[in-house]
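Only one structure is covered here, and it is reproduced in the block below.
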Amino acid sequence: MKNIYENRKYVFGALLFLVVFVFIGKLFSLQVLDKSYQTTANRNVLRYIIRYPARGLIYDRTGELLVYNEAIYDLMISPNLVEEFDTSVFCDILKITHEDVEKKLENARKYSYYTSSPFLKQVSSETYAVLQEKLYQFPGFFVQPRPIRKYSKKIAGHALGYVGEVDEHVIENDPFYKMGDYIGISGIEKAYEEVLRGEKGVNVYMVDVHNRIKGSYQNGKNDKPAIVGTNIVSTLDADLQEYGEKLMMNKVGSIVAIEPSTGEILAFVSSPTYNPSSLLGRGRSKVFETLSSDTLEPLFNRPLMATYPPGSTFKVINGLIGLQEKVIYKQTEFYCDGGYYSGRIHVSCHSHDSPLNLPEAIQNSCNAYFCNVFRRILDNPVFPSVREGYNSWRGHVLSFGFGQKLETDFPFELKGFVPMDSYYDRYYGKTGWSSLTVLSLAIGQGELLITPLQMANMTATIANHGYYFTPHIVKEIEGEEKIDERFFSKHFTTIDSVYFPIIIDGMDMAVNGPPGSGSTARIARIDDIIVCGKTGTAENPHGEDHSIFVAFAPKDNPKIVLSVYIENGGFGATYAAPIASLMIEKYLKREITRQWHENYILETDLIHNEKEN
Amino acid sequence: MKRRINTWSEIDWITIILYLLIVVLGWVSIYSAGYNEEHNKIFDLSQRYGKQMILICGALIIALLVVVTDSRFYSLFAYIIYAIVILLLIVVLLIGKEIHGAKSWFEFGFFRLQPAEFAKIGTAMALARYVSSKSFNIKNSNNVFNAVVIILIPAVLIYFQPDTGSALVYFALILVLYREGLPGGILLIGILMMVLFVLTLMINKMAIIIALMVVGFMIFLIIDRKIKRFLIAVLIYIGLSGTLFGLKKFAGLGLSVYFILILSLIISGFIYSFFIYFYRIRKAVLIYMLMLGSIIFTFSVDYAFNNVLKPHQQKRINILFGIDSDPYGSGYNVNQSIIAIGSGGFSGKGFLKGTQTKFEFVPEQSTDFIFCTVGEEWGFRGTSLIIILFTTLLLRILFLAERQRNGFCRIFGYSVFVILLFHFVVNIGMTIGLLPVIGIPLPFMSYGGSSLWAFTILLFIFLRLDISRLEYLV
């Protein structure tokens with residue numbers, strides 16, 4: 001008998017084919033059309049362990065190691081693998097609170113459930129030693145070593161700069177950097193970032209679902225070793241730098257020392273300073289906050305960024321311009337009767353012999369003399385008007401590197417300010433000003449603004465008889481023939497070299513003149529070294545004037561030039577000159593013979609004085 | 001009257017070859033899932049692939065024994081075997097070994113046995129015996145009820161283990177009754193219930209009720225083809241529900257919207273029945289009952305889902321329909337499984353090169369998720385090969401079942417077909433994210449002795465019965 005329901009077999013067949021059709025369709029779309037699962041599977045199984053390179057080391061000019069690296073450890077977390085763990089043991093080891101743990105866990109989960117992210121950065125090697133033994137109790141956590149900066153001395157924070165984590169802005173603009181990378185933020189660390197940073201490496205591992213490493217991916221075909229950063233020899237003289245910082249203790253200001261024959265910066269002191277080590281590690285943000293809120297601005301890079309009127313130190317420039325413009329000669333004399341008078345204008349001067357020639361005027365720092373010189377430069381009859389005279393003067397001034405960036409290798413250099421004629425037009429009208437109006441420029445006051453670095457550079461120019469090498473902080477990059485070309489070209493001023501000895505004689509006499517001759521900087525004298533110097537006082541409308549001293553030594557074949565600034569230090573001779581003198585002695589003799597000198601400076605406290613009174 | 005037949009020339013070798021291909025591919029996949037550098041010997045008995053090798057050998061011996069047994073044994077002992085498996089299912093609930101929260105296993109030292117797998121054989125035999133008996137009439141609802149009871153007893157016992165997946169397999173046997181003449185309408189209602197079930201979980205009940213009413217009225221219009229009656233019917237309903245809404249608004253009765261819609265449907269039902277009687281429109285009764293039934297079903301599904309199902313079951317169903325997307329929670333298995341299969345691409349990552357399966361991202365990769373290994377290492381070529389092999393096997397079984405002249409053999413053949421089909425559909429559907437995660441093995445491929453042996457016995461009993469069609473002329 002034929003079963004009357006036999007046709008129902010087709011329903012079963014159709015059902016089967018429907019299933020096959022749906023399955024094949026779905027599999028085709030999953031496996032052939034959609035390519036995204038490949039990536040997802042890779043993300044599952046591949047772990048990219050970044051190998052952070054050690055940054056290049058930084059040496060001083062004598063080969064002393066200044067900055068090196070030490071391994072610290074970032075505690076990483078993979079939130080998906082975290083299980084219940086003993087929080088109190090965890091907190092004890094890491095010295096954090098339960099709340100910290102909760103918060104960090106939540107942050108990590110928010111960042112990514114799958115990708116690992118730093119849970120606690122910069123765990124010290126001591127903590128790591130303890131943690132490592134217990135790490136198996138905390139699934140989902142692992143440790144990633146990374147080198148961190150270490151400083152052999154607590155010096156030169158401003159010159160060396162510091163490193164910190166890259167911010168989002170950098171990450172967006174430079175594909176080299178990834179979240180959590182370190183980058184030089186200031187000083188040499190920033191300027192030579194590309195040299196120092198090296199190249200990150202990566203190890204690609206395959207891990208199982210428990211994040212256990214199962215071996216390297218494709219036998220390490222995609223692995224890349226980290227390339228260590230290139231070492232750098234800085235131009236700094238560590239001993240001199242350290243001594244400078246010691247002298248500047250309890251004083252606000254700066255010391256810049258340059259080797260004039262090369263433009264190499266020997267010392268770069270900004271006071272008050274900070275210990276560069278303090279800007280590393282986990283306490284960084286707290287320290288940074290304290291430093292930023294300090295009213296004495298320890299983070300402020302004074303040599304590069306503080307601008308002051310040059311005061312009397314600027315007289316040497318005006319003397320040189322006068323000579324070059326032939327409005328004076330070495331023997332040109334001017335009378336000084338307690339100052340310079342012209343109509344209602346009066347620039348007072350201290351008492352000294354009169355009349356004086358040019359070297360003597362520099363020796364005595366006579367205001368009246370340079371007022372005369374300045375007026376002759378501006379009112380020089382070869383120029384049709386004072387404007388042309390002024391612009392000619394300004395041209396000479398700029399040739400010393402003022403009013404512009406020197407293009408050192410430092411980041412964040414300031415230009416200073418040498419006013420253009422239009423600046424005066426704005427204040428006085430196009431015809432409303434004369435040499436008298438701008439007379440304060442004669443003695444380095446008024447609108448002029450110059451950085452301590454520019455001032456040291458000016459001194460180097462004088463020491464070199466009319467040219468300078470762009471000051472720089474790096475002497476050698478390991479493996480490279482030489483540093484940037486620009487540090488090897490002479491920048492000539494508009495002043496003929498024959499005029500410099502006249503001014504240098506004046507600066508010699510300012511330091512080494514016989515007692516009673518009116519020398520302003522006898523305090524800077526060193527018995528067997530001929531120091532040439534010039535004092536200055538930058539007028540400070542906010543308080544005590546700033547003490548300035550520029551100097552070079554020895555007089556023949558100078559080895560070191562300096563600019564020393566002591567904020568609120570009064571006359572240049574008071575503190576700046578002895579400091580410069582001690583620095584010169586330290587550098588040239590490597591020892592200090594004048595103990596009382598040193599003690600006088602070391603005992604001077606210009607910061608805490610006010611409180612004591 | 002028995003003819004002498006050479007068993008080995010008459011047995012269906014096509015089925016045996018397909019069976020062997022699938023078993024071998026299964027073993028290769030288990031080897032791949034368990035392979036690692038330390039354990040790479042094929043006969044490493046500490047590893048699953050080593051054990052499976054032994055189990056396959058055992059399965060072949062069992063198959064041999066099944067084939068040499070007299071075919072009458074199976075129909076004669078059908079009820080006794082059924083009784084034994086039921087007994088085993090009861091005993092396992094009492095003294096079974098609890099693994100993963102389910103009391104599904106007997107443990108004899110190193111050997112574990114899952115009676116639920118073997119219960120399928122007994123149930124299929126008992127069902128075939130009962131339905132093929134002379135006294136059975138498919139139009140007799142008592143008989144149908146008894147058949148359903150035969151199916152449901154093991155299902156309920158397994159549900160109590162609890163092993164919902166294995167319990168669901170038994171419902172597939174109802175399809176066998178359809179082949180034997182159960183009205184198709186019952187199946188259609190079953191499908192309608194499934195659709196409603198899904199819709200209830202996915203969309204608002206209100207939308208379903210309104211949609212059901214619109215569909216109901218539309219069907220009425222299409223069948224009756226009288227606009228006037230259609231309009232009257234619609235107006236009655238709208239008028240009634242409008243009145244109730246008015247009462248709610250002005251008399252301040254606290255009636256819910258659902259209540260109003262359903263109450264008006266019930267009241268209008270009385271009015272409709274008057275019209276139905278008056279105009280003799282029988283079809284309208286059916287439409288009305290269906291509509292009302294669907295709405296009640298919708299509410300009961302909603303209730304059952306929230307109050308009867310366990311949270312993890314709710315979650316699995318929710319994930320399936322994309323209501324709840326939690327890739328790291330309950331959906332983890334499916335998600336990783338899809339990644340494994342999808343990452344295989346067209347030609348796969350190569351033998352032993354699957355990362356998803358080898359590094360344990362896919363859970364249960366050698367048992368329920370064995371299909372992932374195929375998908376990842378052999379790609380689309382491998383997965384379609386497996387699907388084609390299973391389809392061919394199933395079509396062959398269907399063909400063999402239809403050629404039986406004996407009711408017992410045909411019904412048993414259909415039982416084998418629907419059980420394998422259900423496992424095939426649900427297991428692969430689960431691994432590719434088309435169906436919820438119901439933990440049942442892929443026949444002949446998944447690791448595990450109980451399932452391999454039970455499916456082997458099931459298949460070879462049928463092959464033995466197939467030979468018998470030549471032995472006994474009915």
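Residues in the structure tokens are numbered from 1 in each chain, the chains being A, B, ... in the order shown, and ligands are numbered from 1 in the order shown.
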Could you give me, as a Markdown table, a per-residue list for chain A showing, wherever an atom lies at most 8 Å from an atom of chain B, the closest pair of atoms and their distance in Å to one decimal, using only C-alpha atoms and sorting by chain then residue number from low to high?
```
| residue | atom | partner | partner_atom | distance |
| --- | --- | --- | --- | --- |
| A:Tyr5 | CA | B:Gly181 | CA | 6.0 |
| A:Glu6 | CA | B:Arg179 | CA | 7.4 |
| A:Arg8 | CA | B:Arg179 | CA | 5.9 |
| A:Lys9 | CA | B:Arg179 | CA | 7.1 |
| A:Gly13 | CA | B:Leu395 | CA | 7.2 |
| A:Leu16 | CA | B:Thr391 | CA | 7.3 |
| A:Val19 | CA | B:Val425 | CA | 7.1 |
| A:Val20 | CA | B:Ile387 | CA | 7.0 |
| A:Phe23 | CA | B:Gly429 | CA | 7.4 |
| A:Ile24 | CA | B:Ser384 | CA | 6.5 |
| A:Lys26 | CA | B:Ile432 | CA | 7.6 |
| A:Leu27 | CA | B:Phe380 | CA | 6.8 |
| A:Phe28 | CA | B:Phe380 | CA | 6.7 |
| A:Leu30 | CA | B:Gly342 | CA | 4.8 |
| A:Gln31 | CA | B:Gly345 | CA | 4.3 |
| A:Val32 | CA | B:Phe346 | CA | 5.3 |
| A:Asp34 | CA | B:Gly342 | CA | 7.3 |
| A:Lys35 | CA | B:Gly345 | CA | 7.3 |
| A:Ser36 | CA | B:Ser343 | CA | 7.7 |
| A:Tyr37 | CA | B:Ser343 | CA | 4.7 |
| A:Gln38 | CA | B:Ser343 | CA | 4.1 |
| A:Thr39 | CA | B:Ser343 | CA | 7.7 |
| A:Thr40 | CA | B:Ile339 | CA | 6.7 |
| A:Ala41 | CA | B:Ile339 | CA | 6.0 |
| A:Asn44 | CA | B:Gln356 | CA | 7.7 |
| A:Val45 | CA | B:Thr355 | CA | 6.6 |
| A:Val207 | CA | B:Phe359 | CA | 7.0 |
| A:Asp208 | CA | B:Phe359 | CA | 4.2 |
| A:Val209 | CA | B:Phe361 | CA | 5.0 |
```
Please identify the helix (DSSP H, G or I) residues within range 170-237 of chain A (assignment by DSSP from backbone atoms) and present them as a VMD selection string. chain A and resid 170 to 173 187 to 191 193 to 196 217 to 220
Please write the residues from the selection above to a file, keeping N, CA and C atoms, as a short mmCIF file (atom, residue, chain, number, x, y, z; two decimals), in the first residue's frame.
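Result written to result33.cif:
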```cif
data_model
loop_
_atom_site.label_atom_id
_atom_site.label_comp_id
_atom_site.auth_asym_id
_atom_site.auth_seq_id
_atom_site.Cartn_x
_atom_site.Cartn_y
_atom_site.Cartn_z
N VAL A 170 51.04 66.23 20.62
CA VAL A 170 52.22 65.65 19.97
C VAL A 170 51.83 64.36 19.26
N ILE A 171 51.04 63.54 19.94
CA ILE A 171 50.65 62.25 19.35
C ILE A 171 49.93 62.46 18.03
N GLU A 172 49.09 63.48 18.00
CA GLU A 172 48.34 63.76 16.78
C GLU A 172 49.25 64.17 15.63
N ASN A 173 50.29 64.93 15.98
CA ASN A 173 51.11 65.50 14.91
C ASN A 173 52.32 64.66 14.53
N GLY A 187 65.17 72.06 27.43
CA GLY A 187 66.63 71.94 27.43
C GLY A 187 67.16 71.01 26.35
N ILE A 188 68.30 70.38 26.67
CA ILE A 188 68.92 69.47 25.72
C ILE A 188 67.97 68.33 25.37
N GLU A 189 67.23 67.87 26.37
CA GLU A 189 66.31 66.76 26.14
C GLU A 189 65.32 67.08 25.02
N LYS A 190 64.90 68.33 24.95
CA LYS A 190 63.97 68.70 23.88
C LYS A 190 64.72 68.99 22.59
N ALA A 191 65.80 69.76 22.71
CA ALA A 191 66.51 70.20 21.51
C ALA A 191 67.07 69.02 20.73
N GLU A 193 65.98 65.82 21.04
CA GLU A 193 65.03 64.71 21.19
C GLU A 193 65.26 63.62 20.15
N GLU A 194 65.39 64.03 18.90
CA GLU A 194 65.48 63.02 17.84
C GLU A 194 66.77 62.22 17.91
N VAL A 195 67.81 62.84 18.49
CA VAL A 195 69.08 62.13 18.63
C VAL A 195 69.00 61.19 19.82
N LEU A 196 68.45 61.71 20.91
CA LEU A 196 68.48 60.98 22.17
C LEU A 196 67.47 59.84 22.25
N TYR A 217 55.37 35.31 17.50
CA TYR A 217 54.51 35.22 16.33
C TYR A 217 55.37 35.10 15.07
N GLN A 218 55.06 34.12 14.26
CA GLN A 218 55.80 33.86 13.03
C GLN A 218 57.31 33.84 13.27
N ASN A 219 57.71 33.16 14.33
CA ASN A 219 59.12 33.05 14.70
C ASN A 219 59.84 34.39 14.79
N GLY A 220 59.13 35.38 15.25
CA GLY A 220 59.77 36.68 15.48
C GLY A 220 60.04 37.47 14.21
#
```
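The smallest atom-to-atom distance between Ser104 in chain B and any of B:Arg282, B:Pro183, B:Ser294, B:Ser450, using only C-alpha atoms, is found for B:Ser450.
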Contacts of Tyr600 in chain A at 12 Å (only C-alpha atoms; same-chain gap of 5+ positions) as a PyMOL selection string: chain A and resi 247-248+523+574-575+578-579+582+594-595+605
Can you write out the residues you just picked, keeping N, CA and C atoms, as a PDB file, in the first residue's frame?
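Result went into result-v1.pdb, see below:
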```
ATOM      1  N   LEU A 247      77.477  79.082  44.074  1.00  0.00           N
ATOM      2  CA  LEU A 247      77.612  80.525  44.314  1.00  0.00           C
ATOM      3  C   LEU A 247      76.271  81.234  44.257  1.00  0.00           C
ATOM      4  N   MET A 248      75.403  80.716  43.397  1.00  0.00           N
ATOM      5  CA  MET A 248      74.122  81.401  43.187  1.00  0.00           C
ATOM      6  C   MET A 248      73.069  81.017  44.215  1.00  0.00           C
ATOM      7  N   ILE A 523      86.908  94.452  42.555  1.00  0.00           N
ATOM      8  CA  ILE A 523      86.580  93.259  43.340  1.00  0.00           C
ATOM      9  C   ILE A 523      86.738  91.976  42.520  1.00  0.00           C
ATOM     10  N   THR A 574      78.718  94.775  43.337  1.00  0.00           N
ATOM     11  CA  THR A 574      78.463  94.231  44.665  1.00  0.00           C
ATOM     12  C   THR A 574      78.537  92.711  44.700  1.00  0.00           C
ATOM     13  N   TYR A 575      77.727  92.054  43.875  1.00  0.00           N
ATOM     14  CA  TYR A 575      77.707  90.585  43.906  1.00  0.00           C
ATOM     15  C   TYR A 575      78.119  89.976  42.579  1.00  0.00           C
ATOM     16  N   PRO A 578      82.143  89.795  41.883  1.00  0.00           N
ATOM     17  CA  PRO A 578      82.894  88.738  42.581  1.00  0.00           C
ATOM     18  C   PRO A 578      82.512  87.333  42.133  1.00  0.00           C
ATOM     19  N   ILE A 579      81.223  87.125  41.815  1.00  0.00           N
ATOM     20  CA  ILE A 579      80.821  85.794  41.353  1.00  0.00           C
ATOM     21  C   ILE A 579      81.530  85.471  40.048  1.00  0.00           C
ATOM     22  N   LEU A 582      85.116  84.618  40.690  1.00  0.00           N
ATOM     23  CA  LEU A 582      85.301  83.281  41.251  1.00  0.00           C
ATOM     24  C   LEU A 582      85.122  82.224  40.171  1.00  0.00           C
ATOM     25  N   ARG A 594      91.028  82.589  46.843  1.00  0.00           N
ATOM     26  CA  ARG A 594      90.557  83.727  47.662  1.00  0.00           C
ATOM     27  C   ARG A 594      89.357  83.298  48.480  1.00  0.00           C
ATOM     28  N   GLN A 595      89.664  82.683  49.607  1.00  0.00           N
ATOM     29  CA  GLN A 595      88.616  82.092  50.404  1.00  0.00           C
ATOM     30  C   GLN A 595      87.580  83.102  50.898  1.00  0.00           C
ATOM     31  N   ASP A 605      72.761  86.074  51.303  1.00  0.00           N
ATOM     32  CA  ASP A 605      71.437  85.511  51.059  1.00  0.00           C
ATOM     33  C   ASP A 605      70.503  86.640  50.696  1.00  0.00           C
TER      34      ASP A 605
END
```
At a cut-off of 8 Å, can you tabulate as JSON lines every residue of range 312-421 of chain B near range 439-447 of chain B together with its closest atom pair and the distance in Å to one decimal, using only C-alpha atoms and ordering rows by chain then number?
```
{"residue": "B:Ser366", "atom": "CA", "partner": "B:Tyr447", "partner_atom": "CA", "distance": 5.6}
{"residue": "B:Thr367", "atom": "CA", "partner": "B:Ser446", "partner_atom": "CA", "distance": 4.5}
{"residue": "B:Asp368", "atom": "CA", "partner": "B:Pro441", "partner_atom": "CA", "distance": 4.7}
{"residue": "B:Phe369", "atom": "CA", "partner": "B:Ser446", "partner_atom": "CA", "distance": 7.8}
{"residue": "B:Ile370", "atom": "CA", "partner": "B:Ser446", "partner_atom": "CA", "distance": 5.9}
{"residue": "B:Phe371", "atom": "CA", "partner": "B:Leu442", "partner_atom": "CA", "distance": 7.9}
{"residue": "B:Leu420", "atom": "CA", "partner": "B:Pro443", "partner_atom": "CA", "distance": 6.8}
```
Determine the nearest neighbour of Leu463 in chain B from the options B:Leu244, B:Val24, B:Ala63, B:Val334, counting only C-alpha atoms.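 The shortest atom-to-atom distance to Leu463 in chain B comes from B:Ala63.
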Residues at most 9 Å from range 512-515 of chain A, counting only C-alpha atoms, excluding those fewer than 4 positions away in the same chain, as a tab-separated table (two decimals) with N, CA and C atoms, in the first residue's frame?
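Contents of result.tsv, freshly written:
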```tsv
chain	number	residue	atom	x	y	z
A	363	GLN	N	86.42	102.42	32.32
A	363	GLN	CA	86.94	102.05	33.64
A	363	GLN	C	86.07	102.62	34.75
A	507	MET	N	88.02	97.81	29.79
A	507	MET	CA	87.47	96.76	30.64
A	507	MET	C	88.55	96.17	31.54
A	508	ASP	N	89.77	96.16	31.01
A	508	ASP	CA	90.91	95.72	31.83
A	508	ASP	C	91.09	96.67	33.00
A	519	SER	N	88.40	102.52	39.22
A	519	SER	CA	87.98	101.26	38.63
A	519	SER	C	86.73	100.74	39.34
A	520	THR	N	85.71	100.37	38.53
A	520	THR	CA	84.42	100.01	39.13
A	520	THR	C	84.37	98.56	39.59
A	521	ALA	N	85.30	97.74	39.09
A	521	ALA	CA	85.17	96.32	39.36
A	521	ALA	C	86.44	95.72	39.90
A	522	ARG	N	87.10	96.43	40.75
A	522	ARG	CA	88.36	95.92	41.32
A	522	ARG	C	88.13	94.62	42.09
A	524	ALA	N	86.70	92.13	41.17
A	524	ALA	CA	86.79	90.96	40.30
A	524	ALA	C	88.22	90.60	39.96
A	525	ARG	N	89.14	91.36	40.49
A	525	ARG	CA	90.54	91.17	40.13
A	525	ARG	C	91.09	89.84	40.65
A	526	ILE	N	91.89	89.18	39.79
A	526	ILE	CA	92.60	87.97	40.21
A	526	ILE	C	94.07	88.25	39.94
A	530	ILE	N	94.59	88.25	33.96
A	530	ILE	CA	94.05	89.56	33.62
A	530	ILE	C	92.59	89.39	33.24
A	531	VAL	N	91.72	89.79	34.13
A	531	VAL	CA	90.27	89.73	33.89
A	531	VAL	C	89.83	91.07	33.32
A	532	CYS	N	89.06	91.05	32.24
A	532	CYS	CA	88.48	92.28	31.73
A	532	CYS	C	86.99	92.22	31.99
```
Excluding Ile504 in chain A and its own-chain neighbours fewer than 6 positions away, which residues fall within 8 Å of it when counting only C-alpha atoms? Please give them as a list in words.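 Result of the neighbour search: Pro359, Ile462, Ala463, Cys532 and Lys555 of chain A.
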Using only C-alpha atoms for the distances, tell me which of B:Val28, B:Ile153, B:Val68, B:Ile411 is nearest to Arg464 in chain B. B:Val68
I need the residues of range 464-605 of chain A that end up classed as strand (DSSP E) by DSSP on the backbone, written out as a PyMOL selection string. chain A and resi 467-469+474-477+490-492+532-538+546-553+560-566
Contacts of Leu120 in chain A at 9 Å or less, counting only C-alpha atoms, minus same-chain residues fewer than 6 places along, as a PDB file with C-alpha atoms, in the first residue's frame?
```
ATOM      1  CA  TYR A  73      58.680  49.302  35.817  1.00  0.00           C
ATOM      2  CA  ASP A  74      55.215  50.122  34.640  1.00  0.00           C
ATOM      3  CA  LEU A  75      52.595  47.874  36.112  1.00  0.00           C
ATOM      4  CA  MET A  76      50.270  47.049  33.246  1.00  0.00           C
ATOM      5  CA  ILE A  77      46.741  45.721  33.384  1.00  0.00           C
ATOM      6  CA  LEU A  94      52.420  49.417  45.874  1.00  0.00           C
ATOM      7  CA  LYS A 104      42.508  52.855  38.344  1.00  0.00           C
TER       8      LYS A 104
END
```
Residues within 10 Å of Lys103 in chain B, please, as a ChimeraX atom specification. Count only C-alpha atoms; anything in the same chain fewer than 2 positions from it doesn't count. /B:89,92-101,105-106,114,158,160-163
What does the structure give for the distance between CA of Phe305 in chain B and CA of Ile86 in chain B, in Å to one decimal?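 According to the coordinates, CA of Phe305 in chain B and CA of Ile86 in chain B are separated by 28.9 Å.
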